[in-house]
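Shown next: final_20.txt, given as compact mmCIF, N, CA and C atoms.
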```
# COMPACT_ATOMS: atom_id res chain seq x y z
N MET A 1 10.95 59.15 -4.21
CA MET A 1 10.47 60.48 -4.56
C MET A 1 10.35 61.30 -3.28
N SER A 2 10.94 62.45 -3.25
CA SER A 2 10.85 63.33 -2.10
C SER A 2 9.75 64.35 -2.34
N ASN A 3 8.89 64.53 -1.35
CA ASN A 3 7.78 65.48 -1.49
C ASN A 3 7.62 66.24 -0.19
N PRO A 4 8.01 67.52 -0.16
CA PRO A 4 7.89 68.29 1.08
C PRO A 4 6.46 68.77 1.36
N ALA A 5 5.52 68.43 0.49
CA ALA A 5 4.14 68.88 0.68
C ALA A 5 3.49 68.17 1.87
N PRO A 6 2.80 68.90 2.72
CA PRO A 6 2.14 68.25 3.85
C PRO A 6 0.96 67.40 3.38
N PHE A 7 0.73 66.31 4.09
CA PHE A 7 -0.44 65.49 3.78
C PHE A 7 -1.60 65.92 4.65
N HIS A 8 -2.79 65.46 4.29
CA HIS A 8 -4.02 65.72 5.03
C HIS A 8 -4.71 64.38 5.24
N ILE A 9 -5.18 64.14 6.44
CA ILE A 9 -5.98 62.95 6.71
C ILE A 9 -7.09 63.33 7.67
N ALA A 10 -8.27 62.83 7.38
CA ALA A 10 -9.42 62.99 8.27
C ALA A 10 -9.73 61.61 8.84
N PHE A 11 -9.98 61.55 10.13
CA PHE A 11 -10.20 60.26 10.78
C PHE A 11 -11.32 60.39 11.81
N PRO A 12 -12.00 59.27 12.10
CA PRO A 12 -13.15 59.32 13.00
C PRO A 12 -12.77 59.24 14.47
N VAL A 13 -13.48 60.00 15.27
CA VAL A 13 -13.39 59.91 16.73
C VAL A 13 -14.82 59.96 17.27
N ASP A 14 -15.02 59.40 18.44
CA ASP A 14 -16.36 59.44 19.02
C ASP A 14 -16.48 60.46 20.15
N ASP A 15 -15.36 61.09 20.53
CA ASP A 15 -15.36 62.05 21.63
C ASP A 15 -14.35 63.16 21.29
N LEU A 16 -14.85 64.34 20.90
CA LEU A 16 -13.96 65.43 20.51
C LEU A 16 -13.12 65.95 21.67
N ALA A 17 -13.69 65.96 22.87
CA ALA A 17 -12.92 66.43 24.03
C ALA A 17 -11.74 65.49 24.29
N ALA A 18 -11.96 64.20 24.19
CA ALA A 18 -10.87 63.24 24.39
C ALA A 18 -9.83 63.38 23.28
N ALA A 19 -10.29 63.60 22.04
CA ALA A 19 -9.35 63.80 20.92
C ALA A 19 -8.55 65.08 21.14
N ARG A 20 -9.19 66.14 21.56
CA ARG A 20 -8.50 67.42 21.81
C ARG A 20 -7.42 67.23 22.88
N HIS A 21 -7.74 66.51 23.94
CA HIS A 21 -6.75 66.27 25.00
C HIS A 21 -5.61 65.41 24.48
N PHE A 22 -5.93 64.31 23.81
CA PHE A 22 -4.90 63.39 23.35
C PHE A 22 -3.98 64.03 22.33
N TYR A 23 -4.54 64.58 21.27
CA TYR A 23 -3.69 65.15 20.21
C TYR A 23 -3.06 66.47 20.65
N GLY A 24 -3.81 67.29 21.39
CA GLY A 24 -3.28 68.58 21.82
C GLY A 24 -2.33 68.49 23.00
N THR A 25 -2.75 67.84 24.07
CA THR A 25 -1.95 67.79 25.29
C THR A 25 -0.95 66.65 25.29
N VAL A 26 -1.41 65.43 25.05
CA VAL A 26 -0.52 64.27 25.12
C VAL A 26 0.49 64.29 23.97
N MET A 27 0.00 64.46 22.73
CA MET A 27 0.88 64.44 21.57
C MET A 27 1.56 65.79 21.33
N GLY A 28 1.01 66.86 21.85
CA GLY A 28 1.60 68.19 21.68
C GLY A 28 1.34 68.82 20.32
N CYS A 29 0.26 68.43 19.66
CA CYS A 29 -0.07 68.98 18.34
C CYS A 29 -0.82 70.30 18.49
N PRO A 30 -0.33 71.37 17.89
CA PRO A 30 -1.08 72.63 17.93
C PRO A 30 -2.44 72.47 17.24
N GLU A 31 -3.45 73.08 17.83
CA GLU A 31 -4.79 73.01 17.26
C GLU A 31 -4.99 74.11 16.24
N GLY A 32 -5.66 73.78 15.16
CA GLY A 32 -6.01 74.75 14.13
C GLY A 32 -7.48 75.11 14.24
N ARG A 33 -8.15 75.13 13.10
CA ARG A 33 -9.58 75.43 13.10
C ARG A 33 -10.37 74.30 13.72
N SER A 34 -11.60 74.63 14.13
CA SER A 34 -12.49 73.60 14.66
C SER A 34 -13.93 74.06 14.50
N ALA A 35 -14.82 73.12 14.63
CA ALA A 35 -16.26 73.38 14.59
C ALA A 35 -16.90 72.40 15.58
N ALA A 36 -18.20 72.34 15.60
CA ALA A 36 -18.90 71.48 16.54
C ALA A 36 -18.56 70.01 16.35
N ASP A 37 -18.21 69.60 15.14
CA ASP A 37 -18.00 68.18 14.86
C ASP A 37 -16.61 67.81 14.36
N TRP A 38 -15.65 68.74 14.39
CA TRP A 38 -14.30 68.41 13.92
C TRP A 38 -13.27 69.36 14.50
N ILE A 39 -12.00 68.89 14.53
CA ILE A 39 -10.87 69.69 15.00
C ILE A 39 -9.67 69.40 14.10
N ASP A 40 -9.03 70.47 13.61
CA ASP A 40 -7.76 70.36 12.88
C ASP A 40 -6.60 70.37 13.87
N PHE A 41 -5.60 69.53 13.60
CA PHE A 41 -4.36 69.54 14.38
C PHE A 41 -3.17 69.59 13.43
N ASN A 42 -2.10 70.19 13.90
CA ASN A 42 -0.84 70.23 13.16
C ASN A 42 0.04 69.11 13.71
N LEU A 43 0.20 68.04 12.94
CA LEU A 43 1.01 66.90 13.32
C LEU A 43 2.32 66.97 12.55
N TYR A 44 3.33 67.60 13.15
CA TYR A 44 4.64 67.76 12.51
C TYR A 44 4.50 68.38 11.11
N GLY A 45 3.65 69.40 10.99
CA GLY A 45 3.49 70.10 9.73
C GLY A 45 2.45 69.50 8.81
N HIS A 46 1.78 68.43 9.24
CA HIS A 46 0.74 67.79 8.44
C HIS A 46 -0.62 68.07 9.07
N GLN A 47 -1.64 68.19 8.24
CA GLN A 47 -2.98 68.51 8.73
C GLN A 47 -3.76 67.22 8.97
N ILE A 48 -4.06 66.97 10.24
CA ILE A 48 -4.92 65.84 10.58
C ILE A 48 -6.20 66.41 11.17
N VAL A 49 -7.31 65.78 10.85
CA VAL A 49 -8.60 66.31 11.28
C VAL A 49 -9.41 65.21 11.96
N ALA A 50 -9.71 65.43 13.23
CA ALA A 50 -10.56 64.51 13.99
C ALA A 50 -12.02 64.89 13.72
N HIS A 51 -12.78 63.97 13.15
CA HIS A 51 -14.21 64.19 12.87
C HIS A 51 -15.04 63.32 13.80
N ARG A 52 -15.98 63.94 14.50
CA ARG A 52 -16.85 63.18 15.40
C ARG A 52 -17.84 62.36 14.58
N VAL A 53 -17.89 61.08 14.88
CA VAL A 53 -18.83 60.14 14.25
C VAL A 53 -19.33 59.20 15.33
N GLU A 54 -20.34 58.42 15.00
CA GLU A 54 -20.79 57.38 15.91
C GLU A 54 -19.68 56.36 16.07
N ARG A 55 -19.67 55.69 17.18
CA ARG A 55 -18.63 54.69 17.48
C ARG A 55 -18.56 53.63 16.39
N ARG A 56 -17.35 53.24 16.03
CA ARG A 56 -17.13 52.18 15.05
C ARG A 56 -15.81 51.50 15.37
N ALA A 57 -15.58 50.34 14.81
CA ALA A 57 -14.32 49.64 15.01
C ALA A 57 -13.23 50.38 14.24
N ALA A 58 -12.24 50.93 14.94
CA ALA A 58 -11.19 51.72 14.29
C ALA A 58 -10.14 50.83 13.64
N VAL A 59 -9.86 49.67 14.25
CA VAL A 59 -8.87 48.75 13.69
C VAL A 59 -9.62 47.61 13.01
N ALA A 60 -9.37 47.45 11.71
CA ALA A 60 -10.06 46.42 10.93
C ALA A 60 -9.41 45.05 11.10
N GLY A 61 -8.12 45.03 11.38
CA GLY A 61 -7.41 43.77 11.52
C GLY A 61 -5.95 44.00 11.81
N HIS A 62 -5.16 42.94 11.66
CA HIS A 62 -3.73 43.00 11.94
C HIS A 62 -2.97 42.22 10.88
N ASN A 63 -1.74 42.65 10.61
CA ASN A 63 -0.84 41.94 9.71
C ASN A 63 0.46 41.69 10.43
N PRO A 64 1.08 40.51 10.22
CA PRO A 64 2.37 40.26 10.86
C PRO A 64 3.50 41.00 10.15
N VAL A 65 4.31 41.73 10.94
CA VAL A 65 5.50 42.41 10.42
C VAL A 65 6.60 42.24 11.45
N ASP A 66 7.68 41.59 11.05
CA ASP A 66 8.86 41.44 11.88
C ASP A 66 8.51 40.93 13.29
N GLY A 67 7.63 39.95 13.36
CA GLY A 67 7.30 39.33 14.63
C GLY A 67 6.25 40.04 15.47
N HIS A 68 5.64 41.08 14.94
CA HIS A 68 4.59 41.81 15.66
C HIS A 68 3.31 41.82 14.83
N GLU A 69 2.18 41.93 15.50
CA GLU A 69 0.89 42.05 14.83
C GLU A 69 0.57 43.54 14.69
N VAL A 70 0.72 44.06 13.48
CA VAL A 70 0.55 45.48 13.20
C VAL A 70 -0.93 45.79 12.95
N PRO A 71 -1.49 46.77 13.69
CA PRO A 71 -2.89 47.13 13.48
C PRO A 71 -3.10 47.85 12.15
N VAL A 72 -4.19 47.49 11.46
CA VAL A 72 -4.54 48.08 10.17
C VAL A 72 -5.99 48.55 10.24
N PRO A 73 -6.28 49.78 9.82
CA PRO A 73 -5.37 50.80 9.29
C PRO A 73 -4.62 51.51 10.42
N HIS A 74 -3.59 52.26 10.03
CA HIS A 74 -2.88 53.13 10.95
C HIS A 74 -2.26 54.28 10.15
N PHE A 75 -1.90 55.35 10.85
CA PHE A 75 -1.21 56.47 10.21
C PHE A 75 -0.21 57.04 11.18
N GLY A 76 0.70 57.85 10.67
CA GLY A 76 1.71 58.49 11.50
C GLY A 76 2.69 59.24 10.64
N VAL A 77 3.84 59.54 11.21
CA VAL A 77 4.85 60.34 10.53
C VAL A 77 6.21 59.68 10.71
N VAL A 78 7.04 59.76 9.67
CA VAL A 78 8.44 59.35 9.76
C VAL A 78 9.19 60.57 10.29
N LEU A 79 9.79 60.41 11.46
CA LEU A 79 10.45 61.53 12.15
C LEU A 79 11.96 61.35 12.16
N PRO A 80 12.70 62.45 12.34
CA PRO A 80 14.13 62.31 12.63
C PRO A 80 14.28 61.54 13.95
N PRO A 81 15.36 60.77 14.11
CA PRO A 81 15.52 59.94 15.31
C PRO A 81 15.35 60.69 16.64
N ALA A 82 15.90 61.88 16.76
CA ALA A 82 15.78 62.62 18.03
C ALA A 82 14.33 63.00 18.31
N ASP A 83 13.57 63.38 17.28
CA ASP A 83 12.16 63.72 17.46
C ASP A 83 11.35 62.47 17.80
N TRP A 84 11.70 61.34 17.18
CA TRP A 84 11.02 60.07 17.47
C TRP A 84 11.22 59.70 18.94
N GLN A 85 12.45 59.81 19.41
CA GLN A 85 12.73 59.47 20.81
C GLN A 85 12.03 60.43 21.76
N ALA A 86 11.99 61.71 21.42
CA ALA A 86 11.29 62.70 22.26
C ALA A 86 9.80 62.37 22.33
N LEU A 87 9.21 61.96 21.20
CA LEU A 87 7.79 61.59 21.21
C LEU A 87 7.58 60.33 22.04
N ALA A 88 8.43 59.33 21.88
CA ALA A 88 8.30 58.10 22.69
C ALA A 88 8.37 58.44 24.17
N ASP A 89 9.31 59.29 24.56
CA ASP A 89 9.44 59.69 25.96
C ASP A 89 8.21 60.47 26.43
N ARG A 90 7.70 61.35 25.59
CA ARG A 90 6.51 62.14 25.93
C ARG A 90 5.31 61.21 26.15
N LEU A 91 5.11 60.26 25.24
CA LEU A 91 3.99 59.33 25.37
C LEU A 91 4.12 58.50 26.64
N LYS A 92 5.32 58.00 26.92
CA LYS A 92 5.54 57.23 28.15
C LYS A 92 5.25 58.09 29.37
N GLY A 93 5.66 59.35 29.33
CA GLY A 93 5.42 60.27 30.45
C GLY A 93 3.95 60.52 30.70
N HIS A 94 3.13 60.40 29.66
CA HIS A 94 1.68 60.57 29.79
C HIS A 94 0.97 59.23 30.03
N GLY A 95 1.75 58.16 30.19
CA GLY A 95 1.16 56.86 30.49
C GLY A 95 0.45 56.19 29.32
N VAL A 96 0.79 56.58 28.09
CA VAL A 96 0.17 55.96 26.92
C VAL A 96 0.59 54.50 26.86
N GLU A 97 -0.40 53.63 26.64
CA GLU A 97 -0.13 52.19 26.50
C GLU A 97 0.18 51.90 25.03
N PHE A 98 1.30 51.26 24.79
CA PHE A 98 1.71 50.95 23.43
C PHE A 98 1.12 49.63 22.97
N VAL A 99 0.66 49.59 21.73
CA VAL A 99 0.25 48.34 21.09
C VAL A 99 1.52 47.57 20.74
N ILE A 100 2.51 48.26 20.21
CA ILE A 100 3.85 47.72 19.96
C ILE A 100 4.83 48.73 20.55
N GLU A 101 5.57 48.30 21.55
CA GLU A 101 6.51 49.18 22.26
C GLU A 101 7.55 49.76 21.30
N PRO A 102 8.09 50.94 21.61
CA PRO A 102 9.17 51.50 20.81
C PRO A 102 10.35 50.52 20.73
N HIS A 103 10.78 50.25 19.50
CA HIS A 103 11.88 49.31 19.30
C HIS A 103 12.46 49.49 17.90
N THR A 104 13.55 48.75 17.61
CA THR A 104 14.16 48.77 16.28
C THR A 104 13.66 47.56 15.50
N ARG A 105 13.14 47.82 14.34
CA ARG A 105 12.62 46.79 13.44
C ARG A 105 13.63 46.56 12.32
N PHE A 106 13.75 45.34 11.86
CA PHE A 106 14.65 44.95 10.77
C PHE A 106 16.11 45.32 11.07
N PRO A 107 16.61 45.02 12.28
CA PRO A 107 17.99 45.42 12.60
C PRO A 107 19.00 44.79 11.64
N GLY A 108 19.91 45.64 11.16
CA GLY A 108 20.96 45.20 10.26
C GLY A 108 20.51 44.86 8.85
N GLN A 109 19.25 45.14 8.53
CA GLN A 109 18.69 44.83 7.21
C GLN A 109 18.33 46.14 6.50
N PRO A 110 18.10 46.06 5.18
CA PRO A 110 17.59 47.25 4.49
C PRO A 110 16.27 47.69 5.14
N GLY A 111 16.12 48.97 5.33
CA GLY A 111 14.90 49.49 5.95
C GLY A 111 14.90 49.46 7.46
N GLU A 112 16.06 49.24 8.09
CA GLU A 112 16.11 49.26 9.55
C GLU A 112 15.49 50.56 10.06
N GLN A 113 14.65 50.46 11.08
CA GLN A 113 13.91 51.62 11.55
C GLN A 113 13.51 51.47 13.01
N SER A 114 13.32 52.58 13.66
CA SER A 114 12.70 52.62 14.98
C SER A 114 11.21 52.79 14.74
N THR A 115 10.40 52.11 15.53
CA THR A 115 8.95 52.19 15.33
C THR A 115 8.22 52.03 16.66
N MET A 116 7.02 52.53 16.71
CA MET A 116 6.12 52.34 17.86
C MET A 116 4.69 52.49 17.37
N PHE A 117 3.79 51.76 17.99
CA PHE A 117 2.36 51.82 17.68
C PHE A 117 1.59 52.06 18.96
N PHE A 118 0.55 52.88 18.87
CA PHE A 118 -0.34 53.13 20.00
C PHE A 118 -1.69 53.55 19.45
N LEU A 119 -2.71 53.59 20.32
CA LEU A 119 -4.06 53.95 19.91
C LEU A 119 -4.45 55.29 20.52
N ASP A 120 -5.25 56.07 19.78
CA ASP A 120 -5.84 57.27 20.37
C ASP A 120 -7.07 56.84 21.17
N PRO A 121 -7.73 57.76 21.88
CA PRO A 121 -8.88 57.37 22.70
C PRO A 121 -10.04 56.75 21.90
N ALA A 122 -10.13 57.03 20.60
CA ALA A 122 -11.20 56.46 19.77
C ALA A 122 -10.79 55.11 19.19
N GLY A 123 -9.56 54.66 19.48
CA GLY A 123 -9.10 53.37 18.98
C GLY A 123 -8.39 53.43 17.65
N ASN A 124 -8.14 54.64 17.11
CA ASN A 124 -7.38 54.76 15.87
C ASN A 124 -5.92 54.42 16.14
N ALA A 125 -5.33 53.59 15.30
CA ALA A 125 -3.94 53.18 15.48
C ALA A 125 -3.00 54.19 14.82
N LEU A 126 -1.92 54.51 15.51
CA LEU A 126 -0.90 55.41 15.01
C LEU A 126 0.45 54.71 15.06
N GLU A 127 1.26 54.93 14.03
CA GLU A 127 2.64 54.44 14.01
C GLU A 127 3.55 55.62 13.72
N PHE A 128 4.59 55.74 14.52
CA PHE A 128 5.64 56.72 14.27
C PHE A 128 6.93 55.95 14.13
N LYS A 129 7.72 56.33 13.14
CA LYS A 129 8.97 55.64 12.88
C LYS A 129 10.07 56.62 12.59
N ALA A 130 11.31 56.13 12.68
CA ALA A 130 12.49 56.95 12.39
C ALA A 130 13.55 56.04 11.76
N PHE A 131 14.30 56.63 10.87
CA PHE A 131 15.40 55.93 10.21
C PHE A 131 16.69 56.68 10.51
N ALA A 132 17.73 55.94 10.92
CA ALA A 132 19.04 56.58 11.07
C ALA A 132 19.47 57.14 9.72
N ASP A 133 19.08 56.45 8.64
CA ASP A 133 19.34 56.89 7.26
C ASP A 133 18.00 56.91 6.55
N VAL A 134 17.38 58.09 6.45
CA VAL A 134 16.05 58.18 5.84
C VAL A 134 16.06 57.73 4.37
N GLY A 135 17.25 57.62 3.78
CA GLY A 135 17.36 57.08 2.44
C GLY A 135 16.96 55.60 2.38
N GLN A 136 16.83 54.97 3.54
CA GLN A 136 16.38 53.57 3.61
C GLN A 136 14.86 53.45 3.66
N LEU A 137 14.15 54.56 3.59
CA LEU A 137 12.68 54.55 3.72
C LEU A 137 12.03 53.54 2.78
N PHE A 138 12.48 53.46 1.54
CA PHE A 138 11.88 52.53 0.58
C PHE A 138 12.84 51.42 0.17
N ALA A 139 13.86 51.18 1.00
CA ALA A 139 14.85 50.14 0.67
C ALA A 139 14.20 48.77 0.64
N ARG A 140 14.68 47.93 -0.27
CA ARG A 140 14.15 46.55 -0.40
C ARG A 140 15.12 45.58 0.24
```
Kindly return the structure encoded in the file as structure tokens.
Amino acid sequence: MSNPAPFHIAFPVDDLAAARHFYGTVMGCPEGRSAADWIDFNLYGHQIVAHRVERRAAVAGHNPVDGHEVPVPHFGVVLPPADWQALADRLKGHGVEFVIEPHTRFPGQPGEQSTMFFLDPAGNALEFKAFADVGQLFAR
């Protein structure tokens, strides 16, 4: 099912200034509205909102996927390959440490994809992926 509608996600952070720097400067997300306890960002046309809360464990656990321990929960965007590579290069240029380095997952299989995982300053896990053929997004 194709849905061009933007999604919305609200997620916890413990430091709004660090979130503003990471999402705004490092990730390059334009900032939208904000208040004393939250900031909206435009993540590739999707509305993500950093809400200040007391510190908590952002990653609940990990699941094995294609030989890697994937942090759960996580969120991100499926990007066109050129945008995915530009983001990977941007993150590397800012010295972001990857939980799972940019690589190709499931090579030669249905659902082959480029993927990378990293954490924001509050410890929230993000995954960005790209498909040479986005029609493989839900391939079995």
(request) List every protein, DNA or RNA residue that has an atom no more than 6 Å from (-11.5, 65.6, 11.7) in the file's coordinate frame, counting all atoms listed in the file, and report them as a ChimeraX atom specification. (result) /A:10-11,38-40,48-52
Include N, CA and C atoms and write out the residues we just selected as an mmCIF file, in the coordinates of the input.
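Saved as selection38.cif:
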```
data_model
loop_
_atom_site.group_PDB
_atom_site.id
_atom_site.type_symbol
_atom_site.label_atom_id
_atom_site.label_comp_id
_atom_site.auth_asym_id
_atom_site.auth_seq_id
_atom_site.Cartn_x
_atom_site.Cartn_y
_atom_site.Cartn_z
ATOM 1 N N ALA A 10 -8.270 62.830 7.380
ATOM 2 C CA ALA A 10 -9.420 62.990 8.270
ATOM 3 C C ALA A 10 -9.730 61.610 8.840
ATOM 4 N N PHE A 11 -9.980 61.550 10.130
ATOM 5 C CA PHE A 11 -10.200 60.260 10.780
ATOM 6 C C PHE A 11 -11.320 60.390 11.810
ATOM 7 N N TRP A 38 -15.650 68.740 14.390
ATOM 8 C CA TRP A 38 -14.300 68.410 13.920
ATOM 9 C C TRP A 38 -13.270 69.360 14.500
ATOM 10 N N ILE A 39 -12.000 68.890 14.530
ATOM 11 C CA ILE A 39 -10.870 69.690 15.000
ATOM 12 C C ILE A 39 -9.670 69.400 14.100
ATOM 13 N N ASP A 40 -9.030 70.470 13.610
ATOM 14 C CA ASP A 40 -7.760 70.360 12.880
ATOM 15 C C ASP A 40 -6.600 70.370 13.870
ATOM 16 N N ILE A 48 -4.060 66.970 10.240
ATOM 17 C CA ILE A 48 -4.920 65.840 10.580
ATOM 18 C C ILE A 48 -6.200 66.410 11.170
ATOM 19 N N VAL A 49 -7.310 65.780 10.850
ATOM 20 C CA VAL A 49 -8.600 66.310 11.280
ATOM 21 C C VAL A 49 -9.410 65.210 11.960
ATOM 22 N N ALA A 50 -9.710 65.430 13.230
ATOM 23 C CA ALA A 50 -10.560 64.510 13.990
ATOM 24 C C ALA A 50 -12.020 64.890 13.720
ATOM 25 N N HIS A 51 -12.780 63.970 13.150
ATOM 26 C CA HIS A 51 -14.210 64.190 12.870
ATOM 27 C C HIS A 51 -15.040 63.320 13.800
ATOM 28 N N ARG A 52 -15.980 63.940 14.500
ATOM 29 C CA ARG A 52 -16.850 63.180 15.400
ATOM 30 C C ARG A 52 -17.840 62.360 14.580
#
```
(message) One decimal, in Å: what's the spacing between CA of Pro81 in chain A and atom N of Glu31 in chain A?
(response) 23.2 Å
Quick one: what's the axis-aligned box for range 76-86 of chain A, all listed atoms, 6 Å on every side, centre and edges in Å to one decimal, as AutoDock Vina command-line options?
```
--center_x 8.3 --center_y 60.8 --center_z 16.0 --size_x 27.2 --size_y 17.9 --size_z 24.7
```
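The closest residue to Leu137 in chain A, picked from A:Arg20, A:Val78, A:Met116, A:Thr104 and counting only C-alpha atoms, is A:Val78.
Straight-line separation from CA of Phe131 in chain A to CA of Gly111 in chain A: 7.7 Å.
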(message) Could you list, as a count of residues only, every residue within 7 Å of Trp84 in chain A, counting only N, CA and C atoms and ignoring same-chain residues fewer than 6 positions away?
(response) 3
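Proximity ranking of A:Gly95, A:Gly135, A:Pro121, A:Pro6 relative to Gly45 in chain A places A:Pro6 first, based on only N, CA and C atoms.
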Backbone DSSP call of helix (DSSP H, G or I) for chain A, listed as an mmCIF file with N, CA and C atoms, in the coordinates of the input:
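Result file is out28.cif:
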```cif
data_model
loop_
_atom_site.group_PDB
_atom_site.id
_atom_site.type_symbol
_atom_site.label_atom_id
_atom_site.label_comp_id
_atom_site.auth_asym_id
_atom_site.auth_seq_id
_atom_site.Cartn_x
_atom_site.Cartn_y
_atom_site.Cartn_z
ATOM 1 N N LEU A 16 -14.850 64.340 20.900
ATOM 2 C CA LEU A 16 -13.960 65.430 20.510
ATOM 3 C C LEU A 16 -13.120 65.950 21.670
ATOM 4 N N ALA A 17 -13.690 65.960 22.870
ATOM 5 C CA ALA A 17 -12.920 66.430 24.030
ATOM 6 C C ALA A 17 -11.740 65.490 24.290
ATOM 7 N N ALA A 18 -11.960 64.200 24.190
ATOM 8 C CA ALA A 18 -10.870 63.240 24.390
ATOM 9 C C ALA A 18 -9.830 63.380 23.280
ATOM 10 N N ALA A 19 -10.290 63.600 22.040
ATOM 11 C CA ALA A 19 -9.350 63.800 20.920
ATOM 12 C C ALA A 19 -8.550 65.080 21.140
ATOM 13 N N ARG A 20 -9.190 66.140 21.560
ATOM 14 C CA ARG A 20 -8.500 67.420 21.810
ATOM 15 C C ARG A 20 -7.420 67.230 22.880
ATOM 16 N N HIS A 21 -7.740 66.510 23.940
ATOM 17 C CA HIS A 21 -6.750 66.270 25.000
ATOM 18 C C HIS A 21 -5.610 65.410 24.480
ATOM 19 N N PHE A 22 -5.930 64.310 23.810
ATOM 20 C CA PHE A 22 -4.900 63.390 23.350
ATOM 21 C C PHE A 22 -3.980 64.030 22.330
ATOM 22 N N TYR A 23 -4.540 64.580 21.270
ATOM 23 C CA TYR A 23 -3.690 65.150 20.210
ATOM 24 C C TYR A 23 -3.060 66.470 20.650
ATOM 25 N N GLY A 24 -3.810 67.290 21.390
ATOM 26 C CA GLY A 24 -3.280 68.580 21.820
ATOM 27 C C GLY A 24 -2.330 68.490 23.000
ATOM 28 N N THR A 25 -2.750 67.840 24.070
ATOM 29 C CA THR A 25 -1.950 67.790 25.290
ATOM 30 C C THR A 25 -0.950 66.650 25.290
ATOM 31 N N VAL A 26 -1.410 65.430 25.050
ATOM 32 C CA VAL A 26 -0.520 64.270 25.120
ATOM 33 C C VAL A 26 0.490 64.290 23.970
ATOM 34 N N PRO A 81 15.360 60.770 14.110
ATOM 35 C CA PRO A 81 15.520 59.940 15.310
ATOM 36 C C PRO A 81 15.350 60.690 16.640
ATOM 37 N N ALA A 82 15.900 61.880 16.760
ATOM 38 C CA ALA A 82 15.780 62.620 18.030
ATOM 39 C C ALA A 82 14.330 63.000 18.310
ATOM 40 N N ASP A 83 13.570 63.380 17.280
ATOM 41 C CA ASP A 83 12.160 63.720 17.460
ATOM 42 C C ASP A 83 11.350 62.470 17.800
ATOM 43 N N TRP A 84 11.700 61.340 17.180
ATOM 44 C CA TRP A 84 11.020 60.070 17.470
ATOM 45 C C TRP A 84 11.220 59.700 18.940
ATOM 46 N N GLN A 85 12.450 59.810 19.410
ATOM 47 C CA GLN A 85 12.730 59.470 20.810
ATOM 48 C C GLN A 85 12.030 60.430 21.760
ATOM 49 N N ALA A 86 11.990 61.710 21.420
ATOM 50 C CA ALA A 86 11.290 62.700 22.260
ATOM 51 C C ALA A 86 9.800 62.370 22.330
ATOM 52 N N LEU A 87 9.210 61.960 21.200
ATOM 53 C CA LEU A 87 7.790 61.590 21.210
ATOM 54 C C LEU A 87 7.580 60.330 22.040
ATOM 55 N N ALA A 88 8.430 59.330 21.880
ATOM 56 C CA ALA A 88 8.300 58.100 22.690
ATOM 57 C C ALA A 88 8.370 58.440 24.170
ATOM 58 N N ASP A 89 9.310 59.290 24.560
ATOM 59 C CA ASP A 89 9.440 59.690 25.960
ATOM 60 C C ASP A 89 8.210 60.470 26.430
ATOM 61 N N ARG A 90 7.700 61.350 25.590
ATOM 62 C CA ARG A 90 6.510 62.140 25.930
ATOM 63 C C ARG A 90 5.310 61.210 26.150
ATOM 64 N N LEU A 91 5.110 60.260 25.240
ATOM 65 C CA LEU A 91 3.990 59.330 25.370
ATOM 66 C C LEU A 91 4.120 58.500 26.640
ATOM 67 N N LYS A 92 5.320 58.000 26.920
ATOM 68 C CA LYS A 92 5.540 57.230 28.150
ATOM 69 C C LYS A 92 5.250 58.090 29.370
ATOM 70 N N GLY A 93 5.660 59.350 29.330
ATOM 71 C CA GLY A 93 5.420 60.270 30.450
ATOM 72 C C GLY A 93 3.950 60.520 30.700
ATOM 73 N N VAL A 134 17.380 58.090 6.450
ATOM 74 C CA VAL A 134 16.050 58.180 5.840
ATOM 75 C C VAL A 134 16.060 57.730 4.370
ATOM 76 N N GLY A 135 17.250 57.620 3.780
ATOM 77 C CA GLY A 135 17.360 57.080 2.440
ATOM 78 C C GLY A 135 16.960 55.600 2.380
ATOM 79 N N GLN A 136 16.830 54.970 3.540
ATOM 80 C CA GLN A 136 16.380 53.570 3.610
ATOM 81 C C GLN A 136 14.860 53.450 3.660
#
```
Starting from the point (-6.1, 46.4, 8.9), work out which residues of protein, DNA or RNA have an atom no more than 6.5 Å away when counting all atoms listed in the file; state them as a short mmCIF file (atom, residue, chain, number, x, y, z; two decimals) with N, CA and C atoms, in the coordinates of the input.
```cif
data_model
loop_
_atom_site.label_atom_id
_atom_site.label_comp_id
_atom_site.auth_asym_id
_atom_site.auth_seq_id
_atom_site.Cartn_x
_atom_site.Cartn_y
_atom_site.Cartn_z
N VAL A 59 -9.86 49.67 14.25
CA VAL A 59 -8.87 48.75 13.69
C VAL A 59 -9.62 47.61 13.01
N ALA A 60 -9.37 47.45 11.71
CA ALA A 60 -10.06 46.42 10.93
C ALA A 60 -9.41 45.05 11.10
N GLY A 61 -8.12 45.03 11.38
CA GLY A 61 -7.41 43.77 11.52
C GLY A 61 -5.95 44.00 11.81
N HIS A 62 -5.16 42.94 11.66
CA HIS A 62 -3.73 43.00 11.94
C HIS A 62 -2.97 42.22 10.88
N ASN A 63 -1.74 42.65 10.61
CA ASN A 63 -0.84 41.94 9.71
C ASN A 63 0.46 41.69 10.43
N PRO A 71 -1.49 46.77 13.69
CA PRO A 71 -2.89 47.13 13.48
C PRO A 71 -3.10 47.85 12.15
N VAL A 72 -4.19 47.49 11.46
CA VAL A 72 -4.54 48.08 10.17
C VAL A 72 -5.99 48.55 10.24
N PRO A 73 -6.28 49.78 9.82
CA PRO A 73 -5.37 50.80 9.29
C PRO A 73 -4.62 51.51 10.42
N HIS A 74 -3.59 52.26 10.03
CA HIS A 74 -2.88 53.13 10.95
C HIS A 74 -2.26 54.28 10.15
#
```
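Shortest separation to His94 in chain A among A:Val26, A:Ala35, A:Ala122, A:Ala139 occurs at residue A:Val26, atoms counted being all atoms listed in the file.
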